[in-house]
Amino acid sequence: MGTRIKGETTMDFAFSAKEEAFRTELRTWLENNLPQGWLDGTFPLVKDTKDYELFLRQWQNQLYEGGWAAIAWPKKYGGRDATLMEEIVYHQEMVRVNAPALVNYVGIHMVGPTLIHIGTEEQRARYLKKILTGEEVWCQGYSEPNAGSDVAAIQTAAVKDGEQWVINGQKVWTSFGHMADKCFLVTRTAKFEKKHKGITCFLADMHQEGVEVVPIISMDGHHDFNEVYLNDAKATDAEIIGEVDEGWRVIIALLMHERTGIGAQVFTLEQQFNELVDLARQATEDGESLLTKQAVRKSLMDLYMKTRGSLLNYYRNLTKSLKTGQPGAEGSMDKLLVSELTKQLLAQSISIQGHQGLLWKDDAVVGKSYWQDNYLYSFGQTIGGGTSEIQKNTIAERILGLPKDMGR
Amino acid sequence: MDFSLSEEQEMFRNYVRKYLNDLEQTKIARNYLEGNDVALKSAMDGLAELGCMSLNIEEQYGGMALAALDLVPIYEEIGAVLLPGLLLETLSLVVPLLQKYGTKEQQEKHLPKIAAGQETWTIAWLESNSSYRPAGVQFNAENGLLNGKKILVPDAAIADYTLVVARTTAGREIAGITLIIVPTSELSVQPQLNIDATRKSAALVATAIPYDTTQILGTMDTGWGILQEGLLAFNAALSSTIVGSLDKLVAMVTEYANIREQFGQPIGRFQAIKHRIVDMKMELETARSLSHYANWAYDTHAPDRVEAIASARIYATEAFNKLADHSVQIHGGIGFTEELDCHLFVKRARFYENYLGSTEQYYEQAATALGW
C-alpha cells in the first residue's frame, strides 16, 4: 500500500479527454439539429397527434443521418461501436437538452441488438437499417391480460398452417403499438411441463388484416399504451428470431442488451431534482421562498441524499460492468431505487406547491403543468419494465441468495 | 470512471476481517460491556500490529501517509463487529487535527505513539442541558485554569488524552472557543450509564486544573472552526463504520431467513420477509455509495465535500436505526433477547444517531452548503 504517491486517490470520477471530445461533438450536433425553439422551450408540441408521431419519426431520421441513432451498435450495422462510457455521455447529453422521445426505442435498444446477436444475416439486412432510419418503428408484444409480471404465462398461440404461422391472442400495454410497423411478438407454439419452453418470438408485421390496435389512455391523459388483438394474424418462418419453442432464450438475450441499464432515468432523476430545488427557491408563499421553510428543506435534503445515492450506486455498478465486461444483477437494484425515487420526488413536487399543485394542464401555474404531468406519469415507472415487487424478488434471489418465491 | 475500492484496500480488509473473525467478532464488545477491558486492549494491540493505527499518519512519525479512503475497509470491518473503544475518534478526529493544526512538538509527542497503538484519545464536548452548538460550550478555560463539567464523554476511562472543547472567552458565540489537550488522568472521571454499554460514557469534572499554551490545539479562541474541520474527517469515517454494521445486519437477517422454517418453509420465502430484507439491502448499498464518495471527497477536497460528508453521515445513522429495528423484527422472539447480537446493533445505532453533532444540525449544515 505504501507505493502510492501521497495525496493520490484510488477512485476516479472524471471522463477521459476522448469521452469529453465525444460529448462536445454530440452537444454541437444537438445544438445545430434540434428544432428551432427546442432549447428555449418555445417549440410547439402537441402529444398524441399524428403530427407528433411524424415529428418523432423525422427526429429519429435526423439522428440516423447524423450517426447518432444507435451509437452502441457495431459500425458495420450502422452504429459507432461506442464504449460504455460514451453511452453514459450520450445519456447525459440527451437528458440535458430534454431531447425528443426516441420513437424507435424498442427497435434501437432491444430488437436491433438482439438481431445483431442472434438473428440471421438475412434478417439483419432486412430490418436493421429501417430501424435506424425510423422507417420501421417497432413495438414489443410481451404482456397479456393474464401474463403481466409472469411473462412465461402467455397464451397467444401461433400454429403452423402449411407455410404460414397463424397467430391468435391478445397483447396489452404495448408502447408505440399505434405507431408501430413491426412487433417483436412473443407467442406460445407448444405446451411443455415447463412454461418457459414452447415459446417462439416473431418479427411480426403490424400492417395486416389480423392485427387490430386499440388505444389505452393512461391516468396522465396520454395515449402511450395499446391493446393489440391478433385474429388469424400471419407470419412466416423467415420472421422467427431464434428457434421455434426456444423463444425464452431470445427474451433473456434481449434483456441482456440493456448494458447501460437505467442510465437515462438516473440522469433524468438528477436533473428533475435540480429543477425541484429551483422550483422551491422561486416559488413563494406570502413573499417567502419555499426554500426557507424547514419542512421543505428537510424533505429536499432527504431527496438530495437519495438522488446522489442512486447516481453513485449506478456509478459503482457501472464500474463493475466496466471491469467484468457485462452488466450484473445489480441493474435490478438501480431500477428499483430510481423508479421508486422518481415517484417520491414527483409526489414531493406536487406537495410543496401546496394548493397550486392541484391545478392541471392549461390551468397549472407553475411550469405549464410540467410537474403535474410528470407526477401522474411517474406511477407507471414502478410497474413497467418489471414491477418493484418483481425487482425485489430478483434482488432477493439473485443477489442475496434467498429462497425462490412461492409458486415458482 | 472507477468508483470502487482498490485491490490493495480490499486485501487489507481481508487481513482485518480475518483477525476479527479469530477474535469471534462481537465477543470483544460483549466482553467489554461485562467489564473486561483486556479483550479490547488485546484486540487493539493486534490491530496496531496489522498497521491499522498508522495508516493515515505521516511517514516521519511512523505512519504510512495514506488517506481517508484507505481507512474505509478497516472501519467497515470494525463496524461489522461493533468494536468498542476510541479507534475512530483517535484516527479520524484527532490525527487529522494534529497533522493540520498541531505544533511540531505536539506532533512529535503524540503521533508516533498513536501510530504504534500506544495512545488513545477521546473528546469532551457536551455539557449538562446543552447542545452541540457554540452556545452550549461553557466549560471555562479562562486564565489558564480548567473549570467545569463535561458529560457523555466517550470511553474516557480508557483514553490517555482528552480533547476538551472549552471557552477561553466568555459568550455564546463561535469565537472564544478553544481546543485544549488534557491528559485524562488530570480530570475526575465519573462513569455515566448510556443505552449502549459497549461504549462507556463518563462525565469529566475539572476544578481549577492548570494548563498552559503548549496544550492548545491550533490557536486560542478559534477552536470551533478547527473542530468543524476535524468533524469532516470524523463523519466520513463514522459513515464507513456504520456501513460495516449495516452490511453485517443484512448478512445476519439473510442467513436467518434462509435457515428458520415456519409453515414448512424457510421464512425467506415469504415476501413480507424477503422484501423487507431487500429494502435493507437497498439502504445498505446507498449508504455505502454515499460513504465511499464522502471519503473520496474528503481526500480530494472536492467542492461538494461538506454536503457529501453530511449526507453520508445522516443517511448512515438513519439507516442504522431502521435496519437494526428490522433485524429484531425479522428474527422474531429470539431477536428480542440478549442472546443474539440484534440488540447490540439497536443500541449502537442510537449511540451514533446524535454523536458529535445532531442529525438536525447536519441536515442544516448540508442544506446551507448546498446554497439553500
# chains A, B, ... in the order shown; residues from 1 in each chain; ligands from 1
>>> interface_residues(of="chain B", to="chain A", cutoff="8 Å", atoms="only C-alpha atoms", output="PyMOL selection string")
chain B and resi 1-6+8-9+64-67+69+254+257-258+266+268-271+274-275+277-278+282+285-287+289-290+293+296+299-300+311-312+315+363+366-367+372
>>> write_last_selection(atoms="C-alpha atoms", output="PDB file, in the first residue's frame")
ATOM      1  CA  MET B   1     -14.639   6.103 -14.213  1.00  0.00           C
ATOM      2  CA  ASP B   2     -13.641   3.930 -11.290  1.00  0.00           C
ATOM      3  CA  PHE B   3     -15.879   4.039  -8.244  1.00  0.00           C
ATOM      4  CA  SER B   4     -14.538   1.089  -6.309  1.00  0.00           C
ATOM      5  CA  LEU B   5     -12.050   0.365  -3.593  1.00  0.00           C
ATOM      6  CA  SER B   6      -8.694  -0.808  -4.920  1.00  0.00           C
ATOM      7  CA  GLU B   8      -4.906  -3.320  -2.103  1.00  0.00           C
ATOM      8  CA  GLN B   9      -7.640  -1.767   0.013  1.00  0.00           C
ATOM      9  CA  MET B  64       2.079   5.135   6.088  1.00  0.00           C
ATOM     10  CA  ALA B  65       0.819   8.549   4.991  1.00  0.00           C
ATOM     11  CA  LEU B  66      -2.264   7.119   3.354  1.00  0.00           C
ATOM     12  CA  ALA B  67      -5.684   8.700   3.061  1.00  0.00           C
ATOM     13  CA  LEU B  69     -10.265   6.079   1.627  1.00  0.00           C
ATOM     14  CA  THR B 254     -30.416 -13.150   5.231  1.00  0.00           C
ATOM     15  CA  ALA B 257     -34.344 -16.126   6.800  1.00  0.00           C
ATOM     16  CA  ASN B 258     -32.709 -18.990   4.922  1.00  0.00           C
ATOM     17  CA  PRO B 266     -37.802 -21.007   5.166  1.00  0.00           C
ATOM     18  CA  GLY B 268     -37.172 -16.023   3.498  1.00  0.00           C
ATOM     19  CA  ARG B 269     -39.651 -17.421   1.005  1.00  0.00           C
ATOM     20  CA  PHE B 270     -42.377 -15.113   2.310  1.00  0.00           C
ATOM     21  CA  GLN B 271     -42.349 -11.788   0.525  1.00  0.00           C
ATOM     22  CA  LYS B 274     -37.737 -11.165   1.711  1.00  0.00           C
ATOM     23  CA  HIS B 275     -38.904  -7.761   0.508  1.00  0.00           C
ATOM     24  CA  ILE B 277     -34.587  -7.687   3.561  1.00  0.00           C
ATOM     25  CA  VAL B 278     -34.294  -6.205   0.070  1.00  0.00           C
ATOM     26  CA  MET B 282     -31.025  -1.073  -0.780  1.00  0.00           C
ATOM     27  CA  GLU B 285     -25.814  -0.022  -0.719  1.00  0.00           C
ATOM     28  CA  THR B 286     -26.932   3.595  -0.853  1.00  0.00           C
ATOM     29  CA  ALA B 287     -25.216   4.231   2.487  1.00  0.00           C
ATOM     30  CA  SER B 289     -22.045   4.645  -2.038  1.00  0.00           C
ATOM     31  CA  LEU B 290     -22.540   7.881  -0.090  1.00  0.00           C
ATOM     32  CA  TYR B 293     -17.918   9.127  -2.044  1.00  0.00           C
ATOM     33  CA  TRP B 296     -13.140  10.422  -1.656  1.00  0.00           C
ATOM     34  CA  ASP B 299      -9.327  13.202   0.373  1.00  0.00           C
ATOM     35  CA  THR B 300      -9.601  15.260  -2.808  1.00  0.00           C
ATOM     36  CA  SER B 311     -25.215  13.297   3.624  1.00  0.00           C
ATOM     37  CA  ALA B 312     -23.154  10.175   4.212  1.00  0.00           C
ATOM     38  CA  TYR B 315     -28.035   8.645   5.708  1.00  0.00           C
ATOM     39  CA  TYR B 363     -29.295  18.440   7.848  1.00  0.00           C
ATOM     40  CA  ALA B 366     -25.749  20.222   4.247  1.00  0.00           C
ATOM     41  CA  ALA B 367     -28.631  22.462   3.164  1.00  0.00           C
ATOM     42  CA  TRP B 372     -30.260  26.666   0.059  1.00  0.00           C
TER      43      TRP B 372
END
>>> residues_around(residues="Met53 of chain B", least_positions_apart="3", cutoff="6 Å", atoms="only C-alpha atoms", output="JSON, numbers by chain")
{"B": [48, 115, 117]}
>>> write_last_selection(atoms="N, CA and C atoms", output="PDB file, in the first residue's frame")
ATOM      1  N   ALA B  48      -3.173  -2.756  15.816  1.00  0.00           N
ATOM      2  CA  ALA B  48      -1.992  -1.899  15.654  1.00  0.00           C
ATOM      3  C   ALA B  48      -0.875  -2.678  14.973  1.00  0.00           C
ATOM      4  N   ALA B 115       0.501   6.022  16.267  1.00  0.00           N
ATOM      5  CA  ALA B 115       0.817   5.086  15.174  1.00  0.00           C
ATOM      6  C   ALA B 115       1.198   3.719  15.715  1.00  0.00           C
ATOM      7  N   GLY B 117      -0.016   2.446  18.358  1.00  0.00           N
ATOM      8  CA  GLY B 117      -1.144   1.879  19.103  1.00  0.00           C
ATOM      9  C   GLY B 117      -0.989   2.045  20.604  1.00  0.00           C
TER      10      GLY B 117
END
>>> select_by_dssp(residues="segment 168-331 of chain B", states="strand (DSSP E or B)", output="mmCIF file with N, CA and C atoms, in the first residue's frame")
data_model
loop_
_atom_site.group_PDB
_atom_site.id
_atom_site.type_symbol
_atom_site.label_atom_id
_atom_site.label_comp_id
_atom_site.auth_asym_id
_atom_site.auth_seq_id
_atom_site.Cartn_x
_atom_site.Cartn_y
_atom_site.Cartn_z
ATOM 1 N N ILE B 177 -13.966 29.936 21.592
ATOM 2 C CA ILE B 177 -13.869 28.505 21.911
ATOM 3 C C ILE B 177 -12.464 28.020 21.557
ATOM 4 N N THR B 178 -11.900 27.204 22.428
ATOM 5 C CA THR B 178 -10.538 26.716 22.220
ATOM 6 C C THR B 178 -10.492 25.210 22.473
ATOM 7 N N LEU B 179 -9.668 24.515 21.676
ATOM 8 C CA LEU B 179 -9.475 23.071 21.881
ATOM 9 C C LEU B 179 -8.231 22.874 22.733
ATOM 10 N N ILE B 180 -8.391 22.168 23.844
ATOM 11 C CA ILE B 180 -7.269 22.002 24.771
ATOM 12 C C ILE B 180 -6.973 20.518 24.980
ATOM 13 N N ILE B 181 -5.697 20.185 24.870
ATOM 14 C CA ILE B 181 -5.257 18.795 25.035
ATOM 15 C C ILE B 181 -4.970 18.550 26.518
ATOM 16 N N VAL B 182 -5.722 17.639 27.117
ATOM 17 C CA VAL B 182 -5.569 17.395 28.548
ATOM 18 C C VAL B 182 -5.364 15.895 28.811
ATOM 19 N N PRO B 183 -4.319 15.536 29.582
ATOM 20 C CA PRO B 183 -4.206 14.131 29.978
ATOM 21 C C PRO B 183 -5.449 13.757 30.786
ATOM 22 N N SER B 188 -11.338 14.447 36.741
ATOM 23 C CA SER B 188 -12.091 13.472 37.526
ATOM 24 C C SER B 188 -13.088 12.763 36.601
ATOM 25 N N VAL B 189 -12.943 11.452 36.458
ATOM 26 C CA VAL B 189 -13.785 10.668 35.547
ATOM 27 C C VAL B 189 -14.926 10.022 36.326
ATOM 28 N N GLN B 190 -16.161 10.404 36.002
ATOM 29 C CA GLN B 190 -17.325 9.855 36.707
ATOM 30 C C GLN B 190 -18.213 9.093 35.719
ATOM 31 N N PRO B 191 -18.183 7.767 35.795
ATOM 32 C CA PRO B 191 -18.925 6.964 34.812
ATOM 33 C C PRO B 191 -20.400 7.356 34.714
ATOM 34 N N GLN B 192 -20.918 7.335 33.481
ATOM 35 C CA GLN B 192 -22.340 7.621 33.227
ATOM 36 C C GLN B 192 -22.892 6.453 32.429
ATOM 37 N N SER B 201 -19.675 5.777 28.615
ATOM 38 C CA SER B 201 -19.645 7.234 28.751
ATOM 39 C C SER B 201 -19.218 7.640 30.155
ATOM 40 N N ALA B 202 -18.734 8.863 30.242
ATOM 41 C CA ALA B 202 -18.386 9.384 31.562
ATOM 42 C C ALA B 202 -18.567 10.890 31.574
ATOM 43 N N ALA B 203 -18.768 11.399 32.772
ATOM 44 C CA ALA B 203 -18.694 12.845 32.960
ATOM 45 C C ALA B 203 -17.266 13.150 33.391
ATOM 46 N N LEU B 204 -16.744 14.278 32.893
ATOM 47 C CA LEU B 204 -15.398 14.693 33.292
ATOM 48 C C LEU B 204 -15.532 16.009 34.040
ATOM 49 N N VAL B 205 -14.920 16.055 35.222
ATOM 50 C CA VAL B 205 -15.032 17.265 36.028
ATOM 51 C C VAL B 205 -13.654 17.858 36.273
ATOM 52 N N ALA B 206 -13.568 19.170 36.098
ATOM 53 C CA ALA B 206 -12.307 19.872 36.356
ATOM 54 C C ALA B 206 -12.565 21.001 37.339
ATOM 55 N N THR B 207 -11.749 21.071 38.358
ATOM 56 C CA THR B 207 -11.851 22.188 39.290
ATOM 57 C C THR B 207 -10.475 22.829 39.402
ATOM 58 N N ALA B 208 -10.341 23.975 38.767
ATOM 59 C CA ALA B 208 -9.092 24.751 38.783
ATOM 60 C C ALA B 208 -7.884 23.913 38.385
ATOM 61 N N ILE B 209 -8.024 23.173 37.286
ATOM 62 C CA ILE B 209 -6.881 22.404 36.774
ATOM 63 C C ILE B 209 -6.065 23.316 35.850
ATOM 64 N N PRO B 210 -4.788 23.511 36.153
ATOM 65 C CA PRO B 210 -3.997 24.426 35.313
ATOM 66 C C PRO B 210 -3.595 23.792 33.980
ATOM 67 N N ILE B 216 -2.724 23.902 23.862
ATOM 68 C CA ILE B 216 -3.774 24.388 22.954
ATOM 69 C C ILE B 216 -3.552 23.833 21.551
ATOM 70 N N LEU B 217 -4.617 23.284 20.980
ATOM 71 C CA LEU B 217 -4.531 22.785 19.603
ATOM 72 C C LEU B 217 -5.000 23.907 18.678
ATOM 73 N N THR B 222 -10.125 30.105 18.510
ATOM 74 C CA THR B 222 -10.558 29.731 17.151
ATOM 75 C C THR B 222 -10.848 28.234 17.046
ATOM 76 N N GLU B 261 -37.389 -22.050 9.675
ATOM 77 C CA GLU B 261 -38.560 -22.529 8.942
ATOM 78 C C GLU B 261 -39.836 -22.370 9.758
ATOM 79 N N GLN B 262 -40.887 -21.948 9.077
ATOM 80 C CA GLN B 262 -42.232 -21.908 9.647
ATOM 81 C C GLN B 262 -43.195 -22.259 8.522
ATOM 82 N N GLN B 265 -41.555 -24.057 5.505
ATOM 83 C CA GLN B 265 -40.600 -23.491 4.559
ATOM 84 C C GLN B 265 -39.770 -22.388 5.201
ATOM 85 N N PRO B 266 -38.605 -22.096 4.615
ATOM 86 C CA PRO B 266 -37.802 -21.007 5.166
ATOM 87 C C PRO B 266 -38.580 -19.688 5.106
#
>>> residues_around(residues="Met44 of chain B", least_positions_apart="4", cutoff="10 Å", atoms="only C-alpha atoms", output="ChimeraX atom specification")
/B:38-40,48-50,52-53,83-87,117-118
>>> residues_around(residues="segment 117-130 of chain A", least_positions_apart="3", cutoff="8 Å", atoms="only C-alpha atoms", output="number ranges by chain")
A: 77-78, 112-114, 133-136, 238-239, 241-242, 250
>>> residues_around(residues="Leu230 of chain A", least_positions_apart="2", cutoff="10 Å", atoms="only C-alpha atoms", output="mmCIF file with C-alpha atoms, in the first residue's frame")
data_model
loop_
_atom_site.group_PDB
_atom_site.id
_atom_site.type_symbol
_atom_site.label_atom_id
_atom_site.label_comp_id
_atom_site.auth_asym_id
_atom_site.auth_seq_id
_atom_site.Cartn_x
_atom_site.Cartn_y
_atom_site.Cartn_z
ATOM 1 C CA THR A 156 -51.209 -16.010 -27.547
ATOM 2 C CA ALA A 157 -50.896 -19.016 -29.816
ATOM 3 C CA VAL A 166 -51.381 -18.316 -37.800
ATOM 4 C CA ILE A 167 -51.434 -16.231 -34.623
ATOM 5 C CA ASN A 168 -54.364 -15.667 -32.268
ATOM 6 C CA GLY A 169 -54.467 -13.887 -28.938
ATOM 7 C CA GLN A 170 -54.229 -10.542 -27.228
ATOM 8 C CA LYS A 171 -51.351 -8.331 -26.142
ATOM 9 C CA MET A 206 -48.325 -4.782 -37.778
ATOM 10 C CA GLN A 208 -52.022 -6.736 -41.764
ATOM 11 C CA GLU A 209 -55.651 -7.641 -41.510
ATOM 12 C CA GLY A 210 -55.344 -9.857 -38.459
ATOM 13 C CA VAL A 211 -53.827 -7.122 -36.281
ATOM 14 C CA GLU A 212 -56.055 -4.638 -34.522
ATOM 15 C CA VAL A 213 -54.657 -1.892 -32.270
ATOM 16 C CA GLU A 227 -54.092 -3.366 -26.700
ATOM 17 C CA VAL A 228 -53.180 -5.442 -29.723
ATOM 18 C CA ASP A 232 -55.543 -15.027 -37.548
ATOM 19 C CA ALA A 233 -52.538 -12.757 -37.945
ATOM 20 C CA LYS A 234 -49.907 -14.289 -40.197
#
>>> closest_residue(among="A:Met219, A:Gly384, A:Lys194, A:Glu93", to="Val172 of chain A", atoms="only C-alpha atoms")
A:Gly384
>>> select_by_dssp(residues="segment 31-161 of chain B", states="alpha helix (DSSP H)", output="ChimeraX atom specification")
/B:31-33,37-50,68-80,87-89,95-101,104-115
>>> residues_around(residues="Thr236 of chain A", least_positions_apart="3", cutoff="7 Å", atoms="only C-alpha atoms", output="number ranges by chain")
A: 163-165, 239
>>> closest_residue(among="B:Ala272, B:Leu20, B:Val81, B:Ala141", to="Met252 of chain B", atoms="only C-alpha atoms")
B:Val81
>>> decode(residues="segment 348-367 of chain A", atoms="N, CA and C atoms", output="PDB file, in the first residue's frame")
ATOM      1  N   GLN A 348     -43.390  14.745  -4.204  1.00  0.00           N
ATOM      2  CA  GLN A 348     -42.948  15.886  -3.410  1.00  0.00           C
ATOM      3  C   GLN A 348     -43.127  17.201  -4.175  1.00  0.00           C
ATOM      4  N   SER A 349     -42.921  17.133  -5.497  1.00  0.00           N
ATOM      5  CA  SER A 349     -43.040  18.353  -6.306  1.00  0.00           C
ATOM      6  C   SER A 349     -44.474  18.884  -6.267  1.00  0.00           C
ATOM      7  N   ILE A 350     -45.434  17.998  -6.109  1.00  0.00           N
ATOM      8  CA  ILE A 350     -46.830  18.435  -6.009  1.00  0.00           C
ATOM      9  C   ILE A 350     -47.093  18.962  -4.603  1.00  0.00           C
ATOM     10  N   SER A 351     -46.618  18.213  -3.614  1.00  0.00           N
ATOM     11  CA  SER A 351     -46.849  18.620  -2.215  1.00  0.00           C
ATOM     12  C   SER A 351     -46.332  20.017  -1.923  1.00  0.00           C
ATOM     13  N   ILE A 352     -45.093  20.287  -2.351  1.00  0.00           N
ATOM     14  CA  ILE A 352     -44.525  21.574  -1.945  1.00  0.00           C
ATOM     15  C   ILE A 352     -45.183  22.750  -2.658  1.00  0.00           C
ATOM     16  N   GLN A 353     -45.906  22.479  -3.748  1.00  0.00           N
ATOM     17  CA  GLN A 353     -46.642  23.571  -4.398  1.00  0.00           C
ATOM     18  C   GLN A 353     -47.897  23.957  -3.618  1.00  0.00           C
ATOM     19  N   GLY A 354     -48.207  23.152  -2.600  1.00  0.00           N
ATOM     20  CA  GLY A 354     -49.406  23.454  -1.825  1.00  0.00           C
ATOM     21  C   GLY A 354     -50.654  23.354  -2.689  1.00  0.00           C
ATOM     22  N   HIS A 355     -51.602  24.264  -2.468  1.00  0.00           N
ATOM     23  CA  HIS A 355     -52.870  24.185  -3.208  1.00  0.00           C
ATOM     24  C   HIS A 355     -52.675  24.338  -4.716  1.00  0.00           C
ATOM     25  N   GLN A 356     -51.594  25.015  -5.120  1.00  0.00           N
ATOM     26  CA  GLN A 356     -51.364  25.188  -6.571  1.00  0.00           C
ATOM     27  C   GLN A 356     -51.030  23.880  -7.262  1.00  0.00           C
ATOM     28  N   GLY A 357     -50.608  22.900  -6.459  1.00  0.00           N
ATOM     29  CA  GLY A 357     -50.278  21.602  -7.025  1.00  0.00           C
ATOM     30  C   GLY A 357     -51.466  20.903  -7.663  1.00  0.00           C
ATOM     31  N   LEU A 358     -52.673  21.374  -7.313  1.00  0.00           N
ATOM     32  CA  LEU A 358     -53.896  20.791  -7.869  1.00  0.00           C
ATOM     33  C   LEU A 358     -54.122  21.175  -9.326  1.00  0.00           C
ATOM     34  N   LEU A 359     -53.688  22.369  -9.666  1.00  0.00           N
ATOM     35  CA  LEU A 359     -54.016  22.907 -10.992  1.00  0.00           C
ATOM     36  C   LEU A 359     -53.303  22.127 -12.078  1.00  0.00           C
ATOM     37  N   TRP A 360     -54.038  21.847 -13.143  1.00  0.00           N
ATOM     38  CA  TRP A 360     -53.544  20.901 -14.136  1.00  0.00           C
ATOM     39  C   TRP A 360     -53.662  21.472 -15.539  1.00  0.00           C
ATOM     40  N   LYS A 361     -52.840  20.916 -16.406  1.00  0.00           N
ATOM     41  CA  LYS A 361     -52.846  21.268 -17.826  1.00  0.00           C
ATOM     42  C   LYS A 361     -52.789  22.788 -18.015  1.00  0.00           C
ATOM     43  N   ASP A 362     -53.691  23.349 -18.817  1.00  0.00           N
ATOM     44  CA  ASP A 362     -53.585  24.777 -19.138  1.00  0.00           C
ATOM     45  C   ASP A 362     -53.755  25.677 -17.915  1.00  0.00           C
ATOM     46  N   ASP A 363     -54.392  25.156 -16.882  1.00  0.00           N
ATOM     47  CA  ASP A 363     -54.622  25.983 -15.704  1.00  0.00           C
ATOM     48  C   ASP A 363     -53.475  25.947 -14.694  1.00  0.00           C
ATOM     49  N   ALA A 364     -52.498  25.064 -14.924  1.00  0.00           N
ATOM     50  CA  ALA A 364     -51.374  24.982 -13.986  1.00  0.00           C
ATOM     51  C   ALA A 364     -50.595  26.291 -13.991  1.00  0.00           C
ATOM     52  N   VAL A 365     -50.171  26.717 -12.825  1.00  0.00           N
ATOM     53  CA  VAL A 365     -49.473  27.992 -12.706  1.00  0.00           C
ATOM     54  C   VAL A 365     -47.975  27.792 -12.870  1.00  0.00           C
ATOM     55  N   VAL A 366     -47.478  26.728 -12.239  1.00  0.00           N
ATOM     56  CA  VAL A 366     -46.034  26.508 -12.220  1.00  0.00           C
ATOM     57  C   VAL A 366     -45.623  25.597 -13.367  1.00  0.00           C
ATOM     58  N   GLY A 367     -44.699  26.080 -14.196  1.00  0.00           N
ATOM     59  CA  GLY A 367     -44.073  25.240 -15.218  1.00  0.00           C
ATOM     60  C   GLY A 367     -45.014  24.564 -16.189  1.00  0.00           C
TER      61      GLY A 367
END
